[in-house]
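Report on the following structure.
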Number of protein chains: 2
Amino acid sequence: MPVHKKKLSEKIDLGGGHRMTPQRQVVYDVLMSSRDHPTATEVFIRVQEKMSSISLATVYNCLDTLAVAGIVKQVNVDREPSRYCGNLAPHAHFHCETCATVMDIDLKDGVEPSGSVKLPRGAKIQKVEVAVRGQCPECVRTNKRKNIS
Amino acid sequence: MPVHKKKLSEKIDLGGGHRMTPQRQVVYDVLMSSRDHPTATEVFIRVQEKMSSISLATVYNCLDTLAVAGIVKQVNVDREPSRYCGNLAPHAHFHCETCATVMDIDLKDGVEPSGSVKLPRGAKIQKVEVAVRGQCPECVRTNKRKNIS
DNA sequence: AATATTATTTAGAATAGTTCTTGATAAAAA
DNA sequence: TTTTTATCAAGAACTATTCTAAATAATATT
Ligand SMILES: [Mn+2]
Ligand SMILES: [Mn+2]
Ligand SMILES: [Zn+2]
Ligand SMILES: [Zn+2]
């Protein structure tokens, strides 16, 4: 049951005079073919296997272009390096403090994420983010101790 | 109607063999006497008015000590510099993309912030954060354009 | 096609927030 | 007092990210 339904190497329109270059395509494919949330450096490492000449700067450029185009998401967890997510469906993130992974959490149908807060009246709401932190099921099971990196 | 009820210069126990030093006290007082969410540098500037000899490194140290002790909160918004918050009551944050301020939002009584997400079964939940971004009421009123910093 | 324009890539330099190192200072304990 | 431990402060170091500038590639124009 893949979260990402688009098949690999699909040609995507970036809009705004932007081109879908080989580099951008490979970065995009890497994000679409994994359910995890790699950092720019991790994307770089995975991309290098398909395109060994690519540079880290280009990976940063591509990730930014794709994120601004709205076809991938940038996910920030505290002060840690940005992570990237190919799951465009509205969802929340769970961050395991033990193994440091970030995983998607589905939203409940019919329950607004903003339902628990008193939105400031007169404000224009653009996005509501829900982030959960704790210990993931696997780390709970294996009874790992807190990852003091 | 002050959000922070403790009076200024209250002596606080930090636990764990930590001392409430003059520097920590001043940093703490600065956070408690404002409802905004200053960055470390902003705290540094405010603290300097009371204690001109303090260093930025010490402000960072103090903020970290106070945060670890749990008497102030560190608030992170995307890739921006960390902000600090003296409001210990459970609350969410609103981030205005126009004027870049961060303000507290109260939680609705009796509505769990985790209510909108499908928590991973077997996970140990430590904290659920709700963050709202958009345009604050004042920026909506004055019809400001987006702050392209 | 040839030329001109624009976008992209790349390596390395630069930046910014934060952390680390180290020696001095101060407080607490013995 | 002496010893131990914690803290401070200045600057160096670190790291994720962005910027710079030159080379390359794609696209548009003639
Ligand atoms: Mn995700
Ligand atoms: Mn707050
Ligand atoms: Zn885990
Ligand atoms: Zn505003």
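We label chains A, B, ... in the order they appear in the structure tokens, count residues from 1 in each chain, and number ligands from 1 in the order shown.
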Query - Spatial neighbours of stretch 85-88 of chain B, 12 Å, only C-alpha atoms (C1' of nucleotides), chain gap at least 4 places, as number ranges by chain - result: B: 2-6, 8, 27-40, 43, 63, 66-67, 69-76, 92-93, 102-106
Requested in this report: Output the contact residues of chain B with respect to chain D at a cut-off of 10 Å, based on only C-alpha atoms (C1' of nucleotides), as a list of chain:residue names.
Outcome: B:Gly17, B:His18, B:Arg19, B:Thr21, B:Gln23, B:Ser53, B:Ile54, B:Ser55, B:Leu56, B:Ala57, B:Thr58, B:Asn61, B:Arg79
Query raised in the report: Nearest to chain A among B:Cys99, B:Val59, B:Cys139, B:Ile12, with distances taken over only C-alpha atoms: which residue is it?
Result: B:Cys139
**Report entry** 10 Å contacts from chain C to chain B using only C-alpha atoms (C1' of nucleotides), as number ranges by chain
**Finding:** C: 16-19, 27
Query - Expected answer as a ChimeraX atom specification: chain A residues within 12 Å of chain B, only C-alpha atoms - result: /A:74-83,90-98,103-143
Just list the residues in chain A DSSP gives strand (DSSP E) on the backbone, as a PDB file with C-alpha atoms, in the first residue's frame.
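For reference, result-v7.pdb as written:
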```
ATOM      1  CA  LYS A  73       7.019  19.368   1.257  1.00  0.00           C
ATOM      2  CA  GLN A  74       9.720  20.723   3.495  1.00  0.00           C
ATOM      3  CA  VAL A  75       9.381  19.389   7.026  1.00  0.00           C
ATOM      4  CA  ARG A  83      13.614  17.044   5.879  1.00  0.00           C
ATOM      5  CA  TYR A  84      11.668  16.498   2.709  1.00  0.00           C
ATOM      6  CA  CYS A  85       8.447  14.638   2.097  1.00  0.00           C
ATOM      7  CA  ALA A  92       0.832  15.417  10.397  1.00  0.00           C
ATOM      8  CA  HIS A  93       4.228  14.224  11.542  1.00  0.00           C
ATOM      9  CA  PHE A  94       5.396  12.072  14.375  1.00  0.00           C
ATOM     10  CA  HIS A  95       8.940  12.531  15.557  1.00  0.00           C
ATOM     11  CA  CYS A  96      10.563   9.749  17.523  1.00  0.00           C
ATOM     12  CA  VAL A 102       9.993  11.297  11.222  1.00  0.00           C
ATOM     13  CA  MET A 103       6.876   9.509  10.065  1.00  0.00           C
ATOM     14  CA  ASP A 104       3.593  10.561   8.577  1.00  0.00           C
ATOM     15  CA  ILE A 105       0.431  10.499  10.631  1.00  0.00           C
ATOM     16  CA  LYS A 124      -6.087  34.953   7.995  1.00  0.00           C
ATOM     17  CA  ILE A 125      -5.230  31.317   8.510  1.00  0.00           C
ATOM     18  CA  GLN A 126      -2.935  29.800   5.961  1.00  0.00           C
ATOM     19  CA  LYS A 127      -1.840  26.528   7.449  1.00  0.00           C
ATOM     20  CA  VAL A 128      -2.308  24.558  10.650  1.00  0.00           C
ATOM     21  CA  GLU A 129       0.388  22.107  11.543  1.00  0.00           C
ATOM     22  CA  VAL A 130       0.188  19.320  14.079  1.00  0.00           C
ATOM     23  CA  ALA A 131       3.386  17.697  15.263  1.00  0.00           C
ATOM     24  CA  VAL A 132       3.623  14.839  17.699  1.00  0.00           C
ATOM     25  CA  ARG A 133       6.778  13.829  19.477  1.00  0.00           C
ATOM     26  CA  GLY A 134       7.510  10.842  21.605  1.00  0.00           C
ATOM     27  CA  GLN A 135       8.715   7.284  21.139  1.00  0.00           C
TER      28      GLN A 135
END
```
